[in-house]
file start_14.txt (compact mmCIF, C-alpha atoms and all ligand atoms)
# COMPACT_ATOMS: atom_id res chain seq x y z
CA MET A 1 15.06 1.86 3.49
CA ILE A 2 14.50 -1.86 3.38
CA ARG A 3 12.52 -3.05 0.40
CA VAL A 4 10.88 -6.43 0.56
CA ALA A 5 9.69 -7.84 -2.73
CA VAL A 6 6.17 -9.21 -2.56
CA THR A 7 5.78 -12.30 -4.68
CA HIS A 8 3.12 -14.50 -3.16
CA GLU A 9 0.48 -13.84 -0.62
CA HIS A 10 2.22 -15.74 2.15
CA ASP A 11 5.79 -14.83 1.33
CA ALA A 12 4.84 -11.23 1.87
CA VAL A 13 5.02 -11.19 5.64
CA PRO A 14 8.54 -11.53 6.98
CA SER A 15 8.57 -13.45 10.23
CA SER A 16 11.91 -12.05 11.31
CA PRO A 17 13.90 -8.89 10.59
CA PRO A 18 15.57 -8.96 7.18
CA PRO A 19 19.30 -9.74 6.97
CA ASP A 20 20.33 -6.15 6.31
CA GLY A 21 18.72 -5.18 9.61
CA ALA A 22 21.95 -6.57 11.05
CA SER A 23 23.83 -3.44 9.98
CA THR A 24 21.96 -1.49 12.65
CA PRO A 25 22.35 -3.34 15.93
CA PRO A 26 18.96 -3.94 17.54
CA SER A 27 18.39 -1.50 20.34
CA PRO A 28 17.13 -2.75 23.69
CA ALA A 29 14.84 0.29 23.82
CA SER A 30 12.97 -0.68 20.65
CA PRO A 31 12.27 -4.39 20.50
CA GLY A 32 10.47 -5.30 17.31
CA HIS A 33 11.53 -2.16 15.47
CA GLY A 34 13.20 -4.18 12.71
CA GLU A 35 10.03 -6.18 12.28
CA LEU A 36 7.90 -3.04 12.05
CA ARG A 37 10.26 -1.69 9.43
CA ALA A 38 10.06 -4.88 7.41
CA ILE A 39 6.27 -5.05 7.56
CA ALA A 40 5.92 -1.36 6.66
CA ALA A 41 8.28 -1.79 3.69
CA ALA A 42 6.37 -4.87 2.50
CA PHE A 43 3.09 -2.96 2.85
CA GLU A 44 4.43 -0.10 0.75
CA ALA A 45 5.73 -2.51 -1.89
CA ALA A 46 2.36 -4.30 -2.03
CA GLN A 47 0.52 -0.98 -2.27
CA ALA A 48 2.80 0.28 -5.07
CA LEU A 49 2.31 -2.97 -7.01
CA ARG A 50 -1.47 -2.84 -6.50
CA LEU A 51 -1.58 0.75 -7.74
CA SER A 52 0.51 0.07 -10.84
CA THR A 53 -1.49 -3.07 -11.69
CA GLY A 54 -4.68 -1.06 -11.17
CA GLU A 55 -3.32 1.58 -13.53
CA GLN A 56 -2.75 -1.10 -16.21
CA ILE A 57 -6.35 -2.30 -15.81
CA ARG A 58 -7.63 1.27 -15.90
CA ALA A 59 -5.72 1.89 -19.16
CA LEU A 60 -7.18 -1.27 -20.70
CA ALA A 61 -10.71 -0.47 -19.56
CA GLN A 62 -10.47 3.05 -20.94
CA GLY A 63 -9.11 1.87 -24.27
CA ARG A 64 -5.82 3.67 -23.74
CA ALA A 65 -3.92 0.44 -24.29
CA GLY A 66 -5.11 0.27 -27.89
CA ASN A 67 -7.44 -2.72 -27.65
CA GLY A 68 -10.30 -0.75 -29.19
CA ALA A 69 -12.58 -1.10 -26.19
CA ALA A 70 -15.17 1.53 -25.40
CA ARG A 71 -13.93 4.43 -23.30
CA PRO A 72 -15.75 4.65 -20.00
CA VAL A 73 -15.13 7.70 -17.85
CA ALA A 74 -12.73 7.53 -14.91
CA ALA A 75 -15.56 6.89 -12.42
CA ASP A 76 -16.43 3.70 -14.33
CA ALA A 77 -12.83 2.53 -14.09
CA ASP A 78 -12.87 3.16 -10.31
CA ALA A 79 -16.09 1.15 -10.04
CA LEU A 80 -14.55 -1.63 -12.12
CA LEU A 81 -11.49 -1.78 -9.85
CA ALA A 82 -13.77 -1.93 -6.82
CA ARG A 83 -15.66 -4.87 -8.41
CA ILE A 84 -12.37 -6.67 -9.13
CA ARG A 85 -11.23 -6.15 -5.53
CA ALA A 86 -14.54 -7.60 -4.33
CA GLY A 87 -14.15 -10.61 -6.62
CA ALA A 88 -17.27 -9.61 -8.57
CA SER A 89 -15.51 -9.08 -11.91
CA PRO A 90 -12.43 -10.52 -13.60
CA GLY A 91 -11.77 -7.21 -15.38
CA PRO A 92 -10.78 -6.82 -19.04
CA VAL A 93 -7.87 -9.31 -18.70
CA PRO A 94 -8.57 -12.00 -16.09
CA ALA A 95 -4.90 -12.71 -15.30
CA LEU A 96 -4.36 -9.05 -14.55
CA GLY A 97 -7.56 -8.85 -12.51
CA GLU A 98 -6.40 -11.84 -10.50
CA ALA A 99 -2.99 -10.26 -9.87
CA TYR A 100 -4.68 -7.03 -8.82
CA ARG A 101 -6.95 -8.82 -6.37
CA ARG A 102 -3.97 -10.71 -4.93
CA CYS A 103 -2.07 -7.43 -4.41
CA TRP A 104 -5.10 -5.97 -2.70
CA SER A 105 -5.37 -8.94 -0.40
CA ASP A 106 -1.60 -8.78 0.41
CA GLU A 107 -1.92 -5.10 1.14
CA ARG A 108 -4.88 -5.58 3.48
CA GLU A 109 -3.18 -8.43 5.32
CA LEU A 110 0.00 -6.38 5.75
CA LEU A 111 -2.04 -3.39 6.93
CA ARG A 112 -3.70 -5.64 9.51
CA ARG A 113 -0.31 -6.86 10.75
CA MET A 114 1.09 -3.35 10.72
CA SER A 115 -1.89 -2.16 12.78
CA ASP A 116 -1.42 -4.99 15.30
CA HIS A 117 2.25 -4.15 15.57
CA VAL A 118 1.85 -0.41 15.95
CA ALA A 119 -0.84 -0.91 18.61
CA ARG A 120 1.96 -2.25 20.85
CA HIS A 121 4.29 0.64 20.09
CA PRO A 122 5.28 2.75 23.13
CA THR A 123 3.89 5.91 21.49
CA TRP A 124 0.55 4.41 20.48
CA PRO A 125 -1.41 5.40 23.62
CA TRP A 126 -0.85 8.97 22.42
CA LEU A 127 -0.42 8.58 18.66
CA GLY A 128 -3.52 6.42 18.35
CA ARG A 129 -5.56 9.33 19.72
CA VAL A 130 -4.22 11.98 17.35
CA ARG A 131 -7.06 12.54 14.89
CA GLY A 132 -5.84 12.34 11.32
CA VAL A 133 -3.05 9.81 11.93
CA GLY A 134 -4.26 6.26 11.44
CA PRO A 135 -2.28 3.02 11.81
CA SER A 136 -1.04 3.12 8.23
CA LEU A 137 0.56 6.58 8.26
CA GLY A 138 1.55 6.22 11.92
CA ALA A 139 3.28 2.85 11.52
CA ARG A 140 5.08 3.85 8.34
CA LEU A 141 6.47 6.99 9.97
CA LEU A 142 7.46 5.18 13.19
CA ALA A 143 9.20 2.51 11.09
CA ARG A 144 11.54 5.17 9.68
CA LEU A 145 12.43 6.98 12.88
CA GLU A 146 15.02 5.87 15.43
CA ILE A 147 14.38 7.50 18.74
CA GLU A 148 17.69 6.45 20.31
CA ARG A 149 19.51 8.35 17.57
CA ALA A 150 17.44 11.50 18.03
CA PRO A 151 18.78 13.43 21.04
CA THR A 152 16.52 16.42 20.25
CA PRO A 153 13.26 17.02 18.34
CA SER A 154 15.30 18.74 15.65
CA SER A 155 16.95 15.39 14.88
CA PHE A 156 13.55 14.22 13.66
CA TRP A 157 13.01 17.45 11.76
CA SER A 158 16.24 17.20 9.82
CA TYR A 159 15.77 13.47 9.18
CA CYS A 160 12.36 14.30 7.71
CA GLY A 161 13.63 17.27 5.67
CA LEU A 162 11.78 19.82 7.81
CA ALA A 163 14.69 21.55 9.47
CA THR A 164 15.75 25.09 8.71
CA VAL A 165 19.26 25.99 7.61
CA SER A 166 21.11 29.27 7.86
CA ALA A 167 20.60 31.56 4.92
CA ASP A 168 22.23 34.48 3.19
CA LEU A 169 20.06 37.51 2.59
CA PHE A 170 20.24 39.38 -0.71
CA ARG A 171 18.61 42.71 -1.58
CA CYS A 172 18.12 44.73 -4.76
CA ALA A 173 19.05 48.39 -4.31
CA ALA A 174 16.83 49.40 -7.23
CA CYS A 175 13.49 47.88 -6.18
CA GLY A 176 13.96 46.63 -2.62
CA TYR A 177 13.32 42.95 -3.50
CA GLU A 178 14.75 40.61 -0.85
CA LEU A 179 15.71 36.98 -1.18
CA ALA A 180 16.94 34.56 1.50
CA LEU A 181 18.86 31.60 0.08
CA PRO A 182 20.31 28.60 1.92
CA ALA A 183 23.95 29.44 2.62
CA GLY A 184 26.18 28.53 -0.30
CA GLN A 185 23.34 28.09 -2.80
CA PRO A 186 24.14 29.91 -6.06
CA LEU A 187 22.15 33.03 -6.84
CA ARG A 188 20.09 32.86 -10.03
CA ALA A 189 20.04 35.91 -12.26
CA GLY A 190 16.94 38.05 -12.64
CA HIS A 191 13.97 38.93 -10.42
CA ARG A 192 10.71 40.84 -10.63
CA VAL A 193 9.85 44.14 -9.03
CA PRO A 194 7.78 43.16 -5.95
CA GLY A 195 4.04 43.37 -6.52
CA THR A 196 4.39 43.55 -10.30
CA SER A 197 5.23 41.18 -13.13
CA ASP A 198 7.96 43.52 -14.41
CA ALA A 199 11.49 42.20 -14.66
CA CYS A 200 13.88 44.37 -12.64
CA ALA A 201 17.16 45.49 -14.17
CA GLY A 202 18.75 45.90 -10.72
CA MET A 203 21.21 43.42 -9.23
CA LEU A 204 20.85 41.44 -6.01
CA ALA A 205 23.68 42.07 -3.58
CA PRO A 206 24.43 40.50 -0.18
CA ALA A 207 22.48 42.46 2.43
CA GLY A 208 24.97 41.54 5.13
CA GLU A 209 22.39 41.41 7.91
CA SER A 210 21.94 39.04 10.79
CA PRO A 211 21.66 35.52 9.39
CA ARG A 212 18.18 34.22 8.65
CA ARG A 213 16.96 30.67 8.51
CA VAL A 214 15.10 29.06 5.63
CA ALA A 215 13.63 25.62 4.88
CA GLN A 216 16.08 22.78 4.32
CA PRO A 217 16.82 22.91 0.58
CA ARG A 218 15.94 20.14 -1.84
CA PRO A 219 19.00 18.25 -3.01
CA ALA A 220 20.61 19.53 -6.20
CA ARG A 221 19.83 17.51 -9.31
CA GLY A 222 21.75 14.25 -9.19
CA GLY A 223 22.74 14.82 -5.57
CA SER A 224 21.60 12.44 -2.89
CA ALA A 225 19.00 13.70 -0.46
CA PRO A 226 20.38 14.84 2.91
CA TYR A 227 17.14 13.52 4.41
CA ASP A 228 14.77 10.57 4.00
CA ARG A 229 12.44 11.59 1.16
CA ASP A 230 9.87 8.94 2.07
CA ALA A 231 9.77 10.27 5.63
CA LYS A 232 9.28 13.77 4.26
CA THR A 233 6.40 12.58 2.07
CA LEU A 234 4.80 10.82 5.05
CA CYS A 235 5.10 13.99 7.14
CA TYR A 236 3.42 15.95 4.37
CA LEU A 237 0.57 13.41 4.18
CA ILE A 238 0.21 13.46 7.96
CA GLY A 239 0.28 17.27 8.05
CA THR A 240 -2.38 17.50 5.35
CA SER A 241 -4.53 14.97 7.18
CA LEU A 242 -4.08 16.75 10.54
CA VAL A 243 -5.13 20.05 9.00
CA ARG A 244 -8.23 18.45 7.49
CA GLN A 245 -9.53 16.75 10.60
CA GLY A 246 -7.00 17.18 13.35
CA ASP A 247 -8.74 19.21 16.05
CA ALA A 248 -5.93 20.80 18.02
CA TYR A 249 -3.36 20.52 15.22
CA GLU A 250 -5.82 22.07 12.81
CA ARG A 251 -6.30 24.98 15.22
CA TYR A 252 -2.53 25.33 15.50
CA TYR A 253 -2.25 25.42 11.69
CA ARG A 254 -4.97 28.08 11.47
CA ALA A 255 -3.29 30.25 14.12
CA GLN A 256 0.06 30.05 12.31
CA ARG A 257 -1.61 30.70 8.97
CA ALA A 258 -3.39 33.79 10.34
CA ARG A 259 -0.10 35.06 11.79
CA LEU A 260 1.70 34.57 8.45
CA ASP A 261 -1.19 36.19 6.54
CA ALA A 262 -0.73 39.27 8.75
CA GLU A 263 3.07 39.28 8.89
CA LYS A 264 3.93 38.14 5.35
CA PRO A 265 1.41 39.77 3.00
CA ASP A 266 4.08 39.80 0.27
CA TRP A 267 4.23 35.98 0.22
CA ILE A 268 1.96 34.15 -2.20
CA PRO A 269 -0.84 32.27 -0.38
CA ARG A 270 0.64 28.87 -1.24
CA ARG A 271 3.91 29.76 0.48
CA ARG A 272 2.00 30.87 3.60
CA HIS A 273 0.02 27.62 3.51
CA LEU A 274 3.12 25.42 3.10
CA THR A 275 5.00 27.29 5.83
CA ALA A 276 2.12 26.92 8.32
CA LEU A 277 1.76 23.28 7.28
CA ARG A 278 5.46 22.63 7.84
CA MET A 279 5.24 24.22 11.29
CA THR A 280 2.31 21.94 12.11
CA GLU A 281 4.28 18.89 10.95
CA LYS A 282 7.22 20.00 13.09
CA LEU A 283 5.05 20.46 16.17
CA PHE A 284 3.58 16.99 15.63
CA LEU A 285 7.08 15.49 15.24
CA ALA A 286 8.34 17.29 18.36
CA HIS A 287 5.36 15.86 20.27
CA LEU A 288 6.00 12.39 18.91
CA TRP A 289 9.65 12.73 19.97
CA LEU A 290 8.70 13.88 23.46
CA VAL A 291 6.13 11.16 24.07
CA TRP A 292 8.46 8.48 22.71
CA ARG A 293 11.45 9.60 24.82
CA GLU A 294 9.28 9.86 27.94
CA ARG A 295 7.75 6.42 27.44
CA LEU A 296 11.20 4.85 27.08
CA GLY A 297 12.73 6.84 29.94
CA LEU A 298 15.30 8.46 27.66
CA PRO A 299 16.76 11.89 28.51
CA ILE A 300 14.64 14.85 27.40
CA THR A 301 16.07 18.14 26.24
CA ALA A 302 14.10 21.33 26.75
CA PRO A 303 11.52 20.33 24.16
CA TYR A 304 11.30 23.48 22.15
CA ALA A 305 14.75 24.95 22.61
CA GLU A 306 15.31 24.27 18.92
CA ALA A 307 12.08 25.89 17.81
CA ARG A 308 13.10 29.53 18.36
CA ASP A 309 13.31 30.38 14.70
CA ASP A 310 9.66 29.50 14.21
CA ALA A 311 8.50 31.51 17.23
CA VAL A 312 6.44 28.49 18.20
CA ALA A 313 4.29 28.67 21.28
CA ALA A 314 4.62 25.25 22.80
CA PRO A 315 1.48 23.28 23.55
CA ARG A 316 2.11 19.90 25.14
CA PRO A 317 1.48 16.62 23.30
CA TRP A 318 -1.27 15.32 25.55
CA SER A 319 -3.17 18.60 25.25
CA MET A 320 -3.52 17.92 21.52
CA VAL A 321 -5.60 14.76 21.85
CA GLY A 322 -9.09 14.22 23.20
CA ALA A 323 -9.66 12.69 26.63
ZN ZN B 1 15.22 44.89 -8.26
call {"tool": "encode", "arguments": {"input": "start_14.txt", "output": "structure tokens"}}
result
Amino acid sequence: MIRVAVTHEHDAVPSSPPPDGASTPPSPASPGHGELRAIAAAFEAAQALRLSTGEQIRALAQGRAGNGAARPVAADADALLARIRAGASPGPVPALGEAYRRCWSDERELLRRMSDHVARHPTWPWLGRVRGVGPSLGARLLARLEIERAPTPSSFWSYCGLATVSADLFRCAACGYELALPAGQPLRAGHRVPGTSDACAGMLAPAGESPRRVAQPRPARGGSAPYDRDAKTLCYLIGTSLVRQGDAYERYYRAQRARLDAEKPDWIPRRRHLTALRMTEKLFLAHLWLVWRERLGLPITAPYAEARDDAVAAPRPWSMVGA
């Protein structure tokens, strides 16, 4: 991902794609994509700097930095930061307060530009109507995706770390415990007897059944991610937001959650939640893919041919947004 350092208020907005954008030749189908990427990266850098400066001020205000000040509760620190943003207080250290306010102003200006830019994006007539996805999350996700390089919806899924991979199934002959692991992942020793907290003395052995699919594994420690971690985080934030206020996507989540509650009673609730959430994120991404390809006149595969393993019924993108 491109990172643009934010130094001064007016240096923050790149007027042209950054030099390393040259490594990916601009596509005729996505004019302005490099610019969107640069603005989104600058926004994220400004936001990260604002948050870390705010954290410094919070630590000072709460006396955690050892200056002997009184210790207001967290709510007071939030109120103080709000006053600094509004220019109503310099904060405990004026230079820091000033830097914080400048970051905030950079961030807002970049958000404004990002919103203007994304409003012209080919997917915006649809995306802008999906409740729960505002210009900030929407633009930052679009900035990371390249539609011309995604011949199927599953291209987006694997780029965002939401794909499934084939798995090996293991079973314990003593207690019946089953475990599906991404193919090739080493088996850890020890397991509990299902439904109890008792360690089982039995051994897991390959069950040798038809291959299953499981979530794309996290990279091993020290390994590089096979997907874009920032894109995965954005999908998680979007999924969470959709489920909170997303109308049709929220209903889809609830239907999948109810199905998993009935079909997978042995899973802990959090696993059922995360699985239903991931399915919702995948449906949203498949819809985004479909709308984007259609708007650009790019070839469309059977949209949900890749979704078999999730047994997804396939609502259409435009049915998910209000009239
Ligand atoms: Zn066992």
call {"tool": "closest_residue", "arguments": {"input": "start_14.txt", "among": "A:Phe170, A:Trp292, A:Trp318, A:Tyr252", "to": "ligand ZN 1 (chain B)", "atoms": "only C-alpha atoms and all ligand atoms"}}
result
A:Phe170
call {"tool": "atom_distance", "arguments": {"input": "start_14.txt", "atom1": "atom CA of Leu111 of chain A", "atom2": "atom CA of Ala40 of chain A"}}
result
8.2 Å
call {"tool": "residues_near_ligand", "arguments": {"input": "start_14.txt", "ligand": "ligand ZN 1 (chain B)", "cutoff": "9 Å", "atoms": "only C-alpha atoms and all ligand atoms", "output": "short mmCIF file (atom, residue, chain, number, x, y, z; two decimals) with C-alpha atoms, keeping the file's coordinate frame"}}
result
data_model
loop_
_atom_site.label_atom_id
_atom_site.label_comp_id
_atom_site.auth_asym_id
_atom_site.auth_seq_id
_atom_site.Cartn_x
_atom_site.Cartn_y
_atom_site.Cartn_z
CA ARG A 171 18.61 42.71 -1.58
CA CYS A 172 18.12 44.73 -4.76
CA ALA A 173 19.05 48.39 -4.31
CA ALA A 174 16.83 49.40 -7.23
CA CYS A 175 13.49 47.88 -6.18
CA GLY A 176 13.96 46.63 -2.62
CA TYR A 177 13.32 42.95 -3.50
CA GLU A 178 14.75 40.61 -0.85
CA GLY A 190 16.94 38.05 -12.64
CA HIS A 191 13.97 38.93 -10.42
CA ARG A 192 10.71 40.84 -10.63
CA VAL A 193 9.85 44.14 -9.03
CA PRO A 194 7.78 43.16 -5.95
CA ALA A 199 11.49 42.20 -14.66
CA CYS A 200 13.88 44.37 -12.64
CA ALA A 201 17.16 45.49 -14.17
CA GLY A 202 18.75 45.90 -10.72
CA MET A 203 21.21 43.42 -9.23
CA LEU A 204 20.85 41.44 -6.01
#
call {"tool": "closest_residue", "arguments": {"input": "start_14.txt", "among": "A:Ile300, A:Pro265, A:Arg85, A:Arg270", "to": "Gly195 of chain A", "atoms": "all atoms listed in the file"}}
result
A:Pro265
call {"tool": "residues_around", "arguments": {"input": "start_14.txt", "residues": "segment 273-286 of chain A", "least_positions_apart": "4", "cutoff": "6 Å", "atoms": "only C-alpha atoms", "output": "list in words"}}
result
Pro153, Gly239, Tyr253, Gln256 and Arg257 of chain A
call {"tool": "residues_around", "arguments": {"input": "start_14.txt", "residues": "segment 118-127 of chain A", "least_positions_apart": "2", "cutoff": "12 Å", "atoms": "all atoms listed in the file", "output": "tab-separated table (two decimals) with C-alpha atoms, in the coordinates of the input"}}
result
chain	number	residue	atom	x	y	z
A	29	ALA	CA	14.84	0.29	23.82
A	30	SER	CA	12.97	-0.68	20.65
A	31	PRO	CA	12.27	-4.39	20.50
A	32	GLY	CA	10.47	-5.30	17.31
A	33	HIS	CA	11.53	-2.16	15.47
A	35	GLU	CA	10.03	-6.18	12.28
A	36	LEU	CA	7.90	-3.04	12.05
A	37	ARG	CA	10.26	-1.69	9.43
A	39	ILE	CA	6.27	-5.05	7.56
A	40	ALA	CA	5.92	-1.36	6.66
A	110	LEU	CA	0.00	-6.38	5.75
A	111	LEU	CA	-2.04	-3.39	6.93
A	112	ARG	CA	-3.70	-5.64	9.51
A	113	ARG	CA	-0.31	-6.86	10.75
A	114	MET	CA	1.09	-3.35	10.72
A	115	SER	CA	-1.89	-2.16	12.78
A	116	ASP	CA	-1.42	-4.99	15.30
A	129	ARG	CA	-5.56	9.33	19.72
A	130	VAL	CA	-4.22	11.98	17.35
A	131	ARG	CA	-7.06	12.54	14.89
A	132	GLY	CA	-5.84	12.34	11.32
A	133	VAL	CA	-3.05	9.81	11.93
A	134	GLY	CA	-4.26	6.26	11.44
A	135	PRO	CA	-2.28	3.02	11.81
A	136	SER	CA	-1.04	3.12	8.23
A	137	LEU	CA	0.56	6.58	8.26
A	138	GLY	CA	1.55	6.22	11.92
A	139	ALA	CA	3.28	2.85	11.52
A	140	ARG	CA	5.08	3.85	8.34
A	141	LEU	CA	6.47	6.99	9.97
A	142	LEU	CA	7.46	5.18	13.19
A	143	ALA	CA	9.20	2.51	11.09
A	147	ILE	CA	14.38	7.50	18.74
A	238	ILE	CA	0.21	13.46	7.96
A	284	PHE	CA	3.58	16.99	15.63
A	285	LEU	CA	7.08	15.49	15.24
A	287	HIS	CA	5.36	15.86	20.27
A	288	LEU	CA	6.00	12.39	18.91
A	289	TRP	CA	9.65	12.73	19.97
A	290	LEU	CA	8.70	13.88	23.46
A	291	VAL	CA	6.13	11.16	24.07
A	292	TRP	CA	8.46	8.48	22.71
A	293	ARG	CA	11.45	9.60	24.82
A	294	GLU	CA	9.28	9.86	27.94
A	295	ARG	CA	7.75	6.42	27.44
A	296	LEU	CA	11.20	4.85	27.08
A	297	GLY	CA	12.73	6.84	29.94
A	316	ARG	CA	2.11	19.90	25.14
A	317	PRO	CA	1.48	16.62	23.30
A	318	TRP	CA	-1.27	15.32	25.55
A	319	SER	CA	-3.17	18.60	25.25
A	320	MET	CA	-3.52	17.92	21.52
A	321	VAL	CA	-5.60	14.76	21.85
A	322	GLY	CA	-9.09	14.22	23.20
A	323	ALA	CA	-9.66	12.69	26.63
call {"tool": "atom_distance", "arguments": {"input": "start_14.txt", "atom1": "atom CA of Pro269 of chain A", "atom2": "atom CA of Ala255 of chain A"}}
result
14.8 Å
call {"tool": "residues_around", "arguments": {"input": "start_14.txt", "residues": "Tyr100 of chain A", "least_positions_apart": "5", "cutoff": "8 Å", "atoms": "all atoms listed in the file", "output": "PDB file with C-alpha atoms, in the coordinates of the input"}}
result
ATOM      1  CA  ARG A  50      -1.470  -2.840  -6.500  1.00  0.00           C
ATOM      2  CA  THR A  53      -1.490  -3.070 -11.690  1.00  0.00           C
ATOM      3  CA  GLY A  54      -4.680  -1.060 -11.170  1.00  0.00           C
ATOM      4  CA  ILE A  84     -12.370  -6.670  -9.130  1.00  0.00           C
ATOM      5  CA  ARG A  85     -11.230  -6.150  -5.530  1.00  0.00           C
TER       6      ARG A  85
END
call {"tool": "atom_distance", "arguments": {"input": "start_14.txt", "atom1": "atom CA of Ala262 of chain A", "atom2": "atom CA of Asp198 of chain A"}}
result
25.1 Å
call {"tool": "residues_around", "arguments": {"input": "start_14.txt", "residues": "Val165 of chain A", "least_positions_apart": "2", "cutoff": "6 Å", "atoms": "all atoms listed in the file", "output": "MDAnalysis selection string"}}
result
chainID A and resid 213:214 216
call {"tool": "residues_around", "arguments": {"input": "start_14.txt", "residues": "Ala183 of chain A", "least_positions_apart": "4", "cutoff": "8 Å", "atoms": "only C-alpha atoms", "output": "list in words"}}
result
Val165, Ser166, Ala167 and Asp168 of chain A
call {"tool": "axis_aligned_box", "arguments": {"input": "start_14.txt", "around": "segment 90-109 of chain A", "padding_each_side": "8 Å", "output": "AutoDock Vina command-line options"}}
result
--center_x -7.0 --center_y -8.9 --center_z -6.9 --size_x 26.8 --size_y 23.6 --size_z 40.4
